[in-house]
$ cat query.cif   # mmCIF, C-alpha atoms
data_final
#
loop_
_atom_site.label_atom_id
_atom_site.label_comp_id
_atom_site.auth_asym_id
_atom_site.auth_seq_id
_atom_site.Cartn_x
_atom_site.Cartn_y
_atom_site.Cartn_z
CA MET A 19 -2.15 -35.68 10.83
CA VAL A 20 -4.84 -33.06 11.23
CA VAL A 21 -3.59 -29.55 12.11
CA PRO A 22 -5.92 -27.56 14.38
CA LEU A 23 -7.58 -24.61 12.68
CA GLY A 24 -6.15 -22.06 15.11
CA VAL A 25 -2.60 -23.34 14.63
CA ARG A 26 -2.97 -23.26 10.83
CA SER A 27 -4.34 -19.70 10.93
CA ARG A 28 -1.43 -18.47 13.06
CA GLY A 29 1.04 -20.15 10.70
CA ALA A 30 -0.60 -18.59 7.66
CA ALA A 31 -0.49 -15.18 9.34
CA ARG A 32 3.24 -15.57 10.03
CA ASP A 33 3.84 -16.56 6.40
CA ASP A 34 1.91 -13.49 5.21
CA ARG A 35 3.96 -11.19 7.45
CA ALA A 36 7.20 -12.74 6.21
CA TYR A 37 6.01 -12.32 2.60
CA ASP A 38 5.13 -8.68 3.26
CA LEU A 39 8.53 -8.09 4.85
CA ARG A 40 10.34 -9.50 1.81
CA GLY A 41 8.29 -7.19 -0.40
CA TYR A 42 9.23 -4.14 1.68
CA LEU A 43 12.90 -5.17 1.50
CA PHE A 44 12.73 -5.28 -2.29
CA VAL A 45 11.07 -1.87 -2.68
CA GLY A 46 13.00 -0.31 0.20
CA PRO A 47 16.04 0.91 -1.82
CA PHE A 48 13.87 2.49 -4.49
CA LEU A 49 11.58 4.05 -1.89
CA LEU A 50 14.57 5.49 -0.03
CA LEU A 51 16.01 7.03 -3.21
CA PHE A 52 12.58 8.35 -4.20
CA LEU A 53 12.15 10.05 -0.85
CA LEU A 54 15.71 11.38 -0.88
CA PHE A 55 15.77 12.79 -4.42
CA ASN A 56 12.09 13.62 -5.02
CA VAL A 57 10.00 14.14 -1.90
CA VAL A 58 12.63 15.80 0.30
CA PRO A 59 13.69 18.37 -2.38
CA VAL A 60 10.04 19.25 -3.02
CA LEU A 61 9.38 19.81 0.67
CA PHE A 62 12.60 21.77 1.07
CA GLY A 63 11.75 23.87 -2.01
CA ALA A 64 8.33 24.64 -0.56
CA TYR A 65 10.02 25.84 2.63
CA VAL A 66 12.60 27.92 0.74
CA ALA A 67 9.78 29.65 -1.19
CA PHE A 68 8.84 31.44 2.04
CA THR A 69 12.40 32.59 2.75
CA GLU A 70 15.05 34.95 1.47
CA TRP A 71 18.13 32.89 0.66
CA GLY A 72 21.12 33.32 -1.61
CA ILE A 73 22.60 29.78 -1.25
CA LEU A 74 25.21 31.01 1.25
CA GLY A 75 24.11 31.66 4.77
CA SER A 76 20.87 30.65 6.45
CA PRO A 77 17.40 31.19 4.93
CA ARG A 78 15.50 34.12 6.43
CA TRP A 79 11.74 33.70 6.77
CA VAL A 80 9.82 36.36 4.78
CA GLY A 81 6.37 34.75 4.57
CA LEU A 82 4.42 35.51 1.38
CA GLN A 83 6.73 38.28 0.22
CA ASN A 84 8.26 36.19 -2.59
CA PHE A 85 4.84 35.23 -3.92
CA THR A 86 3.65 38.84 -3.79
CA THR A 87 6.71 39.96 -5.72
CA ALA A 88 6.28 37.18 -8.28
CA VAL A 89 2.65 38.10 -8.92
CA HIS A 90 3.66 41.69 -9.73
CA ASP A 91 6.82 40.77 -11.67
CA GLU A 92 6.33 41.58 -15.36
CA TRP A 93 8.99 39.04 -16.37
CA VAL A 94 7.14 36.27 -14.55
CA ALA A 95 3.94 37.26 -16.33
CA LYS A 96 5.80 37.25 -19.65
CA ALA A 97 7.28 33.83 -18.99
CA PHE A 98 3.88 32.36 -18.10
CA GLY A 99 2.39 33.98 -21.20
CA ASN A 100 5.14 32.42 -23.30
CA ILE A 101 4.53 28.91 -22.03
CA GLY A 102 0.84 29.43 -22.79
CA LEU A 103 1.78 30.25 -26.38
CA TYR A 104 4.16 27.28 -26.49
CA ALA A 105 1.30 25.03 -25.35
CA LEU A 106 -1.06 26.41 -27.99
CA ILE A 107 1.48 25.60 -30.71
CA ILE A 108 3.22 22.45 -29.53
CA VAL A 109 0.46 20.37 -27.90
CA PRO A 110 -2.04 20.40 -30.84
CA CYS A 111 0.73 19.92 -33.41
CA VAL A 112 2.34 17.00 -31.60
CA THR A 113 -1.01 15.34 -30.87
CA ALA A 114 -2.40 15.69 -34.40
CA LEU A 115 0.79 14.83 -36.28
CA SER A 116 1.68 11.85 -34.10
CA LEU A 117 -1.84 10.44 -34.49
CA LEU A 118 -1.77 10.89 -38.27
CA PHE A 119 1.69 9.30 -38.50
CA ALA A 120 0.53 6.39 -36.35
CA VAL A 121 -2.51 5.85 -38.59
CA PHE A 122 -0.23 5.87 -41.65
CA VAL A 123 2.21 3.35 -40.20
CA ASN A 124 -0.62 1.17 -38.88
CA GLN A 125 -1.95 0.72 -42.42
CA GLY A 126 1.11 -1.35 -43.30
CA TRP A 127 1.75 0.59 -46.49
CA PRO A 128 5.15 0.46 -48.28
CA LEU A 129 7.97 2.15 -46.34
CA SER A 130 5.85 2.17 -43.15
CA SER A 131 8.61 0.30 -41.29
CA LEU A 132 11.14 2.95 -42.30
CA ALA A 133 8.67 5.67 -41.37
CA ARG A 134 8.27 4.11 -37.92
CA THR A 135 11.99 4.44 -37.30
CA LEU A 136 12.19 7.98 -38.66
CA PHE A 137 9.23 9.20 -36.63
CA PHE A 138 10.60 7.84 -33.36
CA ALA A 139 14.30 8.60 -33.90
CA PRO A 140 14.31 12.24 -32.66
CA ASN A 141 12.91 11.18 -29.29
CA VAL A 142 16.09 9.28 -28.39
CA VAL A 143 18.33 12.29 -29.11
CA ALA A 144 19.28 14.60 -26.24
CA ALA A 145 17.47 17.92 -26.09
CA SER A 146 20.75 19.82 -26.27
CA VAL A 147 21.63 18.07 -29.53
CA ILE A 148 18.17 18.78 -30.91
CA GLY A 149 18.62 22.43 -30.02
CA LEU A 150 22.00 22.67 -31.77
CA ILE A 151 20.66 20.96 -34.88
CA TRP A 152 17.73 23.33 -35.11
CA VAL A 153 19.92 26.39 -34.50
CA TRP A 154 21.68 25.40 -37.72
CA VAL A 155 18.47 24.48 -39.56
CA LEU A 156 16.79 27.78 -38.64
CA ASP A 157 19.82 30.01 -39.16
CA THR A 158 18.72 33.22 -40.89
CA GLN A 159 21.45 33.23 -43.54
CA PHE A 160 22.56 29.62 -43.96
CA GLY A 161 19.69 27.54 -42.52
CA LEU A 162 17.95 24.86 -44.57
CA VAL A 163 14.48 26.23 -43.84
CA ASN A 164 15.24 29.70 -45.19
CA ARG A 165 17.10 28.18 -48.12
CA TYR A 166 14.01 26.28 -49.28
CA LEU A 167 11.75 29.22 -48.49
CA GLY A 168 13.99 31.31 -50.73
CA LEU A 169 13.41 28.87 -53.59
CA LEU A 170 9.70 29.67 -53.20
CA GLY A 171 10.39 33.40 -53.28
CA ILE A 172 9.79 33.89 -49.55
CA PRO A 173 12.23 36.26 -47.79
CA ALA A 174 14.47 34.85 -45.05
CA ILE A 175 12.78 34.67 -41.65
CA PRO A 176 14.82 35.46 -38.51
CA TRP A 177 13.52 32.43 -36.67
CA LEU A 178 15.71 32.77 -33.57
CA THR A 179 16.75 36.43 -33.57
CA SER A 180 13.39 38.18 -33.85
CA THR A 181 10.97 38.87 -31.02
CA ARG A 182 8.18 37.92 -33.41
CA TRP A 183 9.54 34.56 -34.56
CA SER A 184 11.81 33.22 -31.80
CA LEU A 185 9.01 31.46 -29.93
CA VAL A 186 7.82 29.83 -33.16
CA GLY A 187 11.34 28.68 -33.97
CA VAL A 188 11.74 26.97 -30.59
CA SER A 189 8.28 25.43 -31.00
CA LEU A 190 9.26 23.85 -34.34
CA ALA A 191 12.21 22.12 -32.71
CA SER A 192 10.05 20.98 -29.79
CA VAL A 193 7.39 19.50 -32.05
CA TRP A 194 10.00 17.53 -34.00
CA TRP A 195 11.59 16.27 -30.79
CA ASP A 196 8.35 15.34 -28.98
CA LEU A 197 6.63 13.47 -31.82
CA GLY A 198 8.33 10.14 -31.13
CA LEU A 199 6.80 9.20 -27.78
CA ALA A 200 3.28 10.27 -28.73
CA PHE A 201 3.62 8.40 -32.04
CA VAL A 202 4.56 5.15 -30.27
CA LEU A 203 1.68 5.46 -27.80
CA PHE A 204 -0.88 6.04 -30.55
CA LEU A 205 0.54 3.22 -32.68
CA ALA A 206 0.29 0.77 -29.78
CA ALA A 207 -3.33 1.81 -29.22
CA LEU A 208 -4.22 1.45 -32.91
CA GLN A 209 -2.73 -2.02 -33.09
CA ASP A 210 -5.13 -3.12 -30.34
CA VAL A 211 -8.17 -2.08 -32.38
CA PRO A 212 -9.71 -5.19 -34.04
CA ARG A 213 -9.50 -5.12 -37.83
CA GLU A 214 -13.00 -6.61 -37.98
CA LEU A 215 -14.46 -3.28 -36.86
CA TYR A 216 -13.07 -1.49 -39.91
CA GLU A 217 -14.06 -4.32 -42.23
CA SER A 218 -17.65 -4.21 -40.93
CA ALA A 219 -17.74 -0.44 -41.28
CA ALA A 220 -16.46 -0.65 -44.84
CA VAL A 221 -19.16 -3.17 -45.70
CA ASP A 222 -21.76 -0.76 -44.29
CA GLY A 223 -20.44 1.97 -46.57
CA ALA A 224 -18.43 4.06 -44.11
CA ASN A 225 -15.57 5.91 -45.79
CA SER A 226 -12.13 6.49 -44.27
CA VAL A 227 -13.09 9.81 -42.70
CA ARG A 228 -16.15 8.38 -40.95
CA GLN A 229 -14.15 5.35 -39.79
CA PHE A 230 -11.50 7.61 -38.33
CA TRP A 231 -14.01 9.89 -36.59
CA HIS A 232 -16.45 7.31 -35.25
CA MET A 233 -14.13 4.33 -34.67
CA THR A 234 -10.49 5.30 -34.41
CA LEU A 235 -10.90 8.33 -32.15
CA PRO A 236 -13.18 6.61 -29.60
CA GLU A 237 -10.85 3.61 -29.46
CA VAL A 238 -7.73 5.70 -28.81
CA ARG A 239 -9.44 8.20 -26.50
CA PRO A 240 -7.60 7.00 -23.33
CA ILE A 241 -4.26 7.33 -25.11
CA LEU A 242 -5.35 10.69 -26.51
CA SER A 243 -5.97 11.90 -22.97
CA LEU A 244 -2.59 10.54 -21.86
CA VAL A 245 -0.70 12.12 -24.76
CA VAL A 246 -2.32 15.53 -24.29
CA THR A 247 -1.66 15.42 -20.54
CA LEU A 248 1.99 14.37 -20.89
CA GLN A 249 2.65 16.82 -23.71
CA LEU A 250 0.96 19.66 -21.88
CA ILE A 251 3.06 19.09 -18.76
CA ALA A 252 6.25 18.77 -20.84
CA THR A 253 5.47 21.99 -22.70
CA LEU A 254 4.76 23.95 -19.54
CA ARG A 255 8.15 22.76 -18.27
CA ILE A 256 10.06 23.51 -21.46
CA PHE A 257 13.66 24.56 -20.83
CA SER A 258 16.44 22.79 -22.75
CA GLN A 259 15.40 23.97 -26.20
CA VAL A 260 14.96 27.53 -24.96
CA TYR A 261 18.34 27.53 -23.20
CA VAL A 262 20.28 26.09 -26.14
CA MET A 263 18.54 27.86 -29.03
CA THR A 264 17.79 31.39 -27.77
CA ASN A 265 18.66 31.57 -24.05
CA GLY A 266 15.25 33.17 -23.60
CA GLY A 267 15.88 36.04 -26.00
CA PRO A 268 15.60 38.30 -27.71
CA ALA A 269 14.16 40.54 -24.99
CA GLY A 270 12.56 37.56 -23.22
CA SER A 271 10.33 36.76 -26.20
CA SER A 272 11.10 33.03 -26.03
CA SER A 273 11.75 32.70 -22.30
CA SER A 274 9.89 30.02 -20.35
CA VAL A 275 9.08 29.81 -16.66
CA ILE A 276 11.74 27.14 -16.05
CA HIS A 277 14.29 29.28 -17.87
CA TYR A 278 13.34 32.25 -15.69
CA ILE A 279 13.62 30.09 -12.57
CA TYR A 280 17.07 28.94 -13.70
CA THR A 281 18.20 32.51 -14.35
CA THR A 282 16.86 33.73 -11.03
CA ALA A 283 18.34 30.89 -9.00
CA VAL A 284 21.70 30.26 -10.68
CA VAL A 285 22.61 33.63 -12.18
CA ARG A 286 21.02 36.01 -9.67
CA GLN A 287 21.21 33.52 -6.74
CA LEU A 288 17.74 34.36 -5.46
CA MET A 289 16.85 30.88 -4.29
CA GLY A 290 13.79 31.84 -2.25
CA TYR A 291 12.25 33.87 -5.05
CA SER A 292 12.93 31.20 -7.67
CA ALA A 293 11.37 28.58 -5.38
CA ALA A 294 8.24 30.73 -5.08
CA VAL A 295 7.97 30.95 -8.87
CA SER A 296 8.43 27.17 -9.00
CA MET A 297 5.49 26.72 -6.63
CA LEU A 298 3.35 28.96 -8.83
CA LEU A 299 4.28 26.85 -11.85
CA PHE A 300 3.37 23.69 -9.93
CA VAL A 301 -0.07 25.10 -9.13
CA VAL A 302 -0.61 26.09 -12.77
CA ILE A 303 0.42 22.66 -14.07
CA LEU A 304 -1.79 20.91 -11.53
CA GLY A 305 -4.81 23.08 -12.34
CA VAL A 306 -4.40 22.83 -16.11
CA THR A 307 -3.95 19.06 -15.95
CA LEU A 308 -7.08 18.55 -13.84
CA VAL A 309 -9.17 20.75 -16.15
CA GLN A 310 -7.79 19.05 -19.24
CA ARG A 311 -8.55 15.56 -17.95
CA LEU A 312 -12.07 16.64 -17.02
CA VAL A 313 -12.64 18.00 -20.53
CA ILE A 314 -11.25 14.85 -22.18
CA ARG A 315 -13.47 12.68 -19.99
CA GLU A 316 -16.58 14.64 -20.98
CA GLN A 317 -15.58 14.58 -24.64
CA GLY A 318 -15.24 10.80 -24.35
CA GLY A 319 -18.97 10.48 -23.84
CA TRP A 320 -19.54 12.71 -26.86
CA PHE A 321 -17.28 10.46 -28.98
CA ARG A 322 -19.05 7.31 -27.83
CA SER A 323 -22.45 8.77 -28.61
CA GLY A 324 -21.35 9.40 -32.18
CA GLY A 325 -21.14 13.22 -32.01
#

$ encode --input "query.cif" --output "structure tokens"
Amino acid sequence: MVVPLGVRSRGAARDDRAYDLRGYLFVGPFLLLFLLFNVVPVLFGAYVAFTEWGILGSPRWVGLQNFTTAVHDEWVAKAFGNIGLYALIIVPCVTALSLLFAVFVNQGWPLSSLARTLFFAPNVVAASVIGLIWVWVLDTQFGLVNRYLGLLGIPAIPWLTSTRWSLVGVSLASVWWDLGLAFVLFLAALQDVPRELYESAAVDGANSVRQFWHMTLPEVRPILSLVVTLQLIATLRIFSQVYVMTNGGPAGSSSSVIHYIYTTAVVRQLMGYSAAVSMLLFVVILGVTLVQRLVIREQGGWFRSGG
């Protein structure tokens, strides 16, 4: 029996609509939860940033007053300066070390399987546990780091109790904790690189350094961009390590923006002001990420051209 073209088209259209409806039903619960716990809080936080509110009572509209105060607040400036220093320490260290560890494991040398487990293990541990471990490791009198430095004749360093060293101490813990994810991403990218490329390069006389610079880096450039972006965002949002290890001290030397937002909102109960600082942090993260991705994209052409 021959079905008329118009009838078949209408039937196909009904089937497509039914298929689309089933798809919406499947994603509906997730979409509802996403809107409820992500989009709505962001919109509400943006509204609160323009109000004066102490949790109790109704928010009172104050316009840009919170943002004006935040711009002139020396503690906000200090917190933003601290996360800039955190980024300068943590992001390059995590990126470089994770890439080197991934190259080592990818070679298939002895103990590389054990090294793979050890490199990734810290990433599955809670940040609070990492903080407590490193409080003990960096203890001025009884910590392992100062103990081994003492064997080398180096005086004990007050890693977490000095305004000069506290930020470095928190950064060490963050680097150790963040290595795992970046390491796995780089290792997955390296395993997709054909071995024939390295064999051909070796036949042409390229040493390990030239192979790494002209072959490995261009091949992992997309993952390099991803790792730097993710690590940069995570560093700008650093909180747990700061809270557990130093609570922002001494004298705010290790405080981060998120820690300042927490203190302002929970301790001082200035919800509107803390929301305004949150919006400033969002703008900074967005701007830095866009600039960073633009730089990585331009550098990609430089890598491909051979430097």

$ closest_atom_pairs --input "query.cif" --of "segment 149-255 of chain A" --to "segment 272-282 of chain A" --cutoff "8 Å" --atoms "all atoms listed in the file" --output "CSV"
residue,atom,partner,partner_atom,distance
A:Thr181,CA,A:Ser272,CA,7.7
A:Ser184,CA,A:Ser272,CA,5.8
A:Leu185,CA,A:Ser272,CA,4.7
A:Val188,CA,A:Ser272,CA,7.6
A:Leu254,CA,A:Val275,CA,7.8
A:Arg255,CA,A:Ile276,CA,6.1

$ residues_around --input "query.cif" --residues "Ala120 of chain A" --least-positions-apart "5" --cutoff "7 Å" --atoms "only C-alpha atoms" --output "list of chain:residue names"
A:Phe201, A:Phe204, A:Leu205

$ atom_distance --input "query.cif" --atom1 "atom CA of Val121 of chain A" --atom2 "atom CA of Arg311 of chain A"
23.6 Å

$ closest_residue --input "query.cif" --among "A:Arg165, A:Val186, A:Leu117, A:Val153" --to "Leu203 of chain A" --atoms "all atoms listed in the file"
A:Leu117

$ resolve_selection --input "query.cif" --expression "the PyMOL selection byres ((chain A and resi 294-297) around 8)" --output "ChimeraX atom specification"
/A:64,66-68,84-85,88,94,275-276,279,290-293,298-301

$ resolve_selection --input "query.cif" --expression "the PyMOL selection byres ((chain A and resi 238) around 10)" --output "PyMOL selection string"
chain A and resi 117+203-208+210-211+233-237+239-244

$ atom_distance --input "query.cif" --atom1 "atom CA of Phe160 of chain A" --atom2 "atom CA of Asn100 of chain A"
27.2 Å

$ residues_around --input "query.cif" --residues "Ile107 of chain A" --least-positions-apart "3" --cutoff "9 Å" --atoms "all atoms listed in the file" --output "list in words"
Gly102, Leu103, Tyr104, Pro110, Cys111, Val112, Val186, Ser189, Leu190 and Val193 of chain A

$ resolve_selection --input "query.cif" --expression "the PyMOL selection byres ((chain A and resi 150) around 12)" --output "PyMOL selection string"
chain A and resi 143-149+151-157+188+191+258-264

$ atom_distance --input "query.cif" --atom1 "atom CA of Phe122 of chain A" --atom2 "atom CA of Asn141 of chain A"
18.8 Å
